[in-house]
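Participant: Just dropping this structure here.
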2 protein chains.
Amino acid sequence: MKRMTPDQRREAIVAAALVVAVRKGLASTTVRDVAAEMGTSSGLIHHYFDSMDEVLAAAFERVAAQDLALSAGAMAEASSPVEALRVFFRTYTPADKDWAFQLWLDAWAEAARRPAVQATSRRLNLEWQGLLEGTIVRGVAAGAFACGDPASAAWRILSLLDGLALQVVAHGTTITREEVVAWATGASEGELGLARGTLLGG
Amino acid sequence: MKRMTPDQRREAIVAAALVVAVRKGLASTTVRDVAAEMGTSSGLIHHYFDSMDEVLAAAFERVAAQDLALSAGAMAEASSPVEALRVFFRTYTPADKDWAFQLWLDAWAEAARRPAVQATSRRLNLEWQGLLEGTIVRGVAAGAFACGDPASAAWRILSLLDGLALQVVAHGTTITREEVVAWATGASEGELGLARGTLLGG
DNA sequence: TCCGTTATTGGACGGCTGCGCAATATCGTT
DNA sequence: AACGATATTGCGCAGCCGTCCAATAACGGA
């Protein structure tokens, strides 16, 4: 195959790994799959990554970090903390990309046995919490929210959303996507002392 | 190996599969692992189960259903809905058995690609929600809780708990077990119109 | 004690796994 | 045009996978 610069090749490997991971699941993505997806030999992958663990972590990070950056960017442009929270719920909720959330499920499960995946998953979860906490802190400072403990409130909102989304993605029919959004925003309004329905404007 | 009745053998297979699943993860549990754990040949397993998917589903069900029954039993003996909820939080929370919750993580992730595991996981999640919903309904009837929608409240409490526990088990150090319990009970008190600290009696 | 039933064996089948390494091909530079 | 650096190949290694099936062994009833 055509020769690439190390940076380009690394990118290509991660991109190919992601395609395979979405199709087969993170845990079942193999060196040969990724090589075939790139159209190269499998040996090439170990020339850039020490282990498959690191390839999978990089592939997961690619989507997860991008989604985070997208949400963070959109929230930063919001006119107020309340609006930022609306943006958060709109962009975080698995809408047409359940596959991304499925990758989160894969990552959480794999974390126990793949150190690099665990590190990435933990770091990104922490960043989501930080993003949310920052927004809450700003809202409290602006007098828009009433919240005694922004850090824990952020964890609660994030975890509720994850727990509910999990049911949709893993089990399909137990609850609907609309219920996830409605229940999570409702609980968050209670958490932050907002009037019912405040966070549902879309 | 010694000949067993079909019932005994099925049990032995499921028990052995569970031991291996706890050690290696649900997804990485193989026919040969299970056979070796039992001390029999691997062909025996397919004499009792059509596929590995069903073995894993049965192994997962063994722990999950037992934990559910244990909680349900203890909650049924509680003197009041409030006490029942206290029991719920005490028994649901991953205390010394993170391994059981890790199996839940495995099951949720595997659900996408293993029909039998998905069916079991979904059914048990629904039963947990039902157990919680029933308790809330009884509490409302007894005037102990104020809750307009017990069904969705049950989903919210369960999902919050799952989402928080997930961080503990998958990432280890992000939040502590104590925070999980404190935050989940706190949110539930808000959800049900209880005074702060009501659910923490232990 | 013999016999039919069936639990159990053990290996065949085709395919897959992560990893490592010598050989080769393709660059940019001289 | 020749060369050194290195990206890429292709395969070997040792082992694993789920599934299937003919042969065997152990049991209960006659």
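Ordering of the structure tokens sets the chain letters (A, B, ...), residue numbers begin anew at 1 in every chain, and ligands are numbered from 1 in the order given.
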Would you mind listing, for every residue of chain C within 8 Å of stretch 11-26 of chain D, the two atoms forming the shortest contact and the distance between them in Å to one decimal, using only C-alpha atoms (C1' of nucleotides), sorted by chain and ascending residue number, as JSON lines?
Facilitator:
{"residue": "C:DA7", "atom": "C1'", "partner": "D:DA26", "partner_atom": "C1'", "distance": 7.8}
{"residue": "C:DT8", "atom": "C1'", "partner": "D:DA25", "partner_atom": "C1'", "distance": 7.5}
{"residue": "C:DT9", "atom": "C1'", "partner": "D:DT24", "partner_atom": "C1'", "distance": 7.0}
{"residue": "C:DG15", "atom": "C1'", "partner": "D:DC17", "partner_atom": "C1'", "distance": 7.9}
{"residue": "C:DC16", "atom": "C1'", "partner": "D:DC17", "partner_atom": "C1'", "distance": 6.4}
{"residue": "C:DT17", "atom": "C1'", "partner": "D:DC16", "partner_atom": "C1'", "distance": 6.3}
Participant: At a cut-off of 8 Å, list the chain B residues touching chain C, using only C-alpha atoms (C1' of nucleotides), as number ranges by chain.
Facilitator: B: 1, 3-4, 41, 43-44
Participant: Give the residues of chain A that lie within 12 Å of chain D; count only C-alpha atoms (C1' of nucleotides), and format the answer as number ranges by chain.
Facilitator: A: 1-10, 35, 39-48
Participant: Compile the contact shell of stretch 151-158 of chain A as a list of chain:residue names: residues with an atom at most 9 Å away, counting only C-alpha atoms (C1' of nucleotides), same-chain residues fewer than 6 positions apart removed.
Facilitator: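 Non-adjacent residues within range: A:Asn125, A:Trp128, A:Gln129, A:Gly130, A:Leu131, A:Leu132, A:Glu133, A:Gly134, A:Ile136, A:Val137, A:Ala184, A:Thr185, A:Ala187, A:Ser188, A:Glu191, A:Leu192, B:Leu160, B:Gly163, B:Leu164, B:Ile175, B:Glu179, B:Trp183, B:Ala184, B:Ala187.
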Participant: For chain A, which residue among B:Arg32, B:Arg113, B:Arg62, B:Lys97 is the nearest when counting only C-alpha atoms?
Facilitator: B:Arg113
Participant: For the interface of chain A with chain B (cut-off 6 Å, counting only C-alpha atoms), please tabulate each contacting residue of chain A alongside its nearest pair of atoms and their separation in Å to one decimal, rows sorted by chain and increasing number, as a Markdown table.
Facilitator:
| residue | atom | partner | partner_atom | distance |
| --- | --- | --- | --- | --- |
| A:Leu105 | CA | B:Ala109 | CA | 5.1 |
| A:Asp106 | CA | B:Ala109 | CA | 5.1 |
| A:Trp108 | CA | B:Ala170 | CA | 5.5 |
| A:Ala109 | CA | B:Leu105 | CA | 5.1 |
| A:Ala111 | CA | B:Ala170 | CA | 5.8 |
| A:Arg122 | CA | B:His171 | CA | 5.6 |
| A:Ser159 | CA | B:Gly163 | CA | 4.1 |
| A:Leu160 | CA | B:Leu160 | CA | 4.1 |
| A:Asp162 | CA | B:Gly163 | CA | 5.6 |
| A:Gly163 | CA | B:Ser159 | CA | 4.1 |
| A:Leu164 | CA | B:Ser159 | CA | 5.4 |
| A:Ala170 | CA | B:Trp108 | CA | 5.5 |
| A:His171 | CA | B:Arg122 | CA | 5.6 |
Participant: Selection from above, C-alpha atoms, as a PDB file, in the first residue's frame, can you write it?
Facilitator:
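Printed below is again.pdb as written:
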ATOM      1  CA  LEU A 105     -21.189   0.370  26.855  1.00  0.00           C
ATOM      2  CA  ASP A 106     -18.392  -1.636  25.273  1.00  0.00           C
ATOM      3  CA  TRP A 108     -17.249   0.404  30.345  1.00  0.00           C
ATOM      4  CA  ALA A 109     -17.382  -3.376  30.148  1.00  0.00           C
ATOM      5  CA  ALA A 111     -12.404  -1.283  31.122  1.00  0.00           C
ATOM      6  CA  ARG A 122     -12.477   7.353  32.804  1.00  0.00           C
ATOM      7  CA  SER A 159     -25.256   9.159  35.589  1.00  0.00           C
ATOM      8  CA  LEU A 160     -29.019   9.363  35.333  1.00  0.00           C
ATOM      9  CA  ASP A 162     -26.241   7.233  31.172  1.00  0.00           C
ATOM     10  CA  GLY A 163     -28.399   4.818  33.120  1.00  0.00           C
ATOM     11  CA  LEU A 164     -31.505   5.681  31.150  1.00  0.00           C
ATOM     12  CA  ALA A 170     -28.993  -2.207  25.270  1.00  0.00           C
ATOM     13  CA  HIS A 171     -32.600  -3.326  25.543  1.00  0.00           C
TER      14      HIS A 171
END
Participant: I want to know what sits within 7 Å of A:Val14, based on only C-alpha atoms (C1' of nucleotides), with residues of the same chain fewer than 5 positions away left out; could you give that as JSON, numbers by chain?
Facilitator: {"A": [55, 58, 59]}
Participant: Got time to write the residues from that selection, C-alpha atoms, as a PDB file, in the first residue's frame?
Facilitator:
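Here's the written file part-v8.pdb:
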ATOM      1  CA  VAL A  55      -5.688   0.760  19.231  1.00  0.00           C
ATOM      2  CA  ALA A  58      -7.593   5.397  20.463  1.00  0.00           C
ATOM      3  CA  ALA A  59     -10.579   4.407  18.330  1.00  0.00           C
TER       4      ALA A  59
END
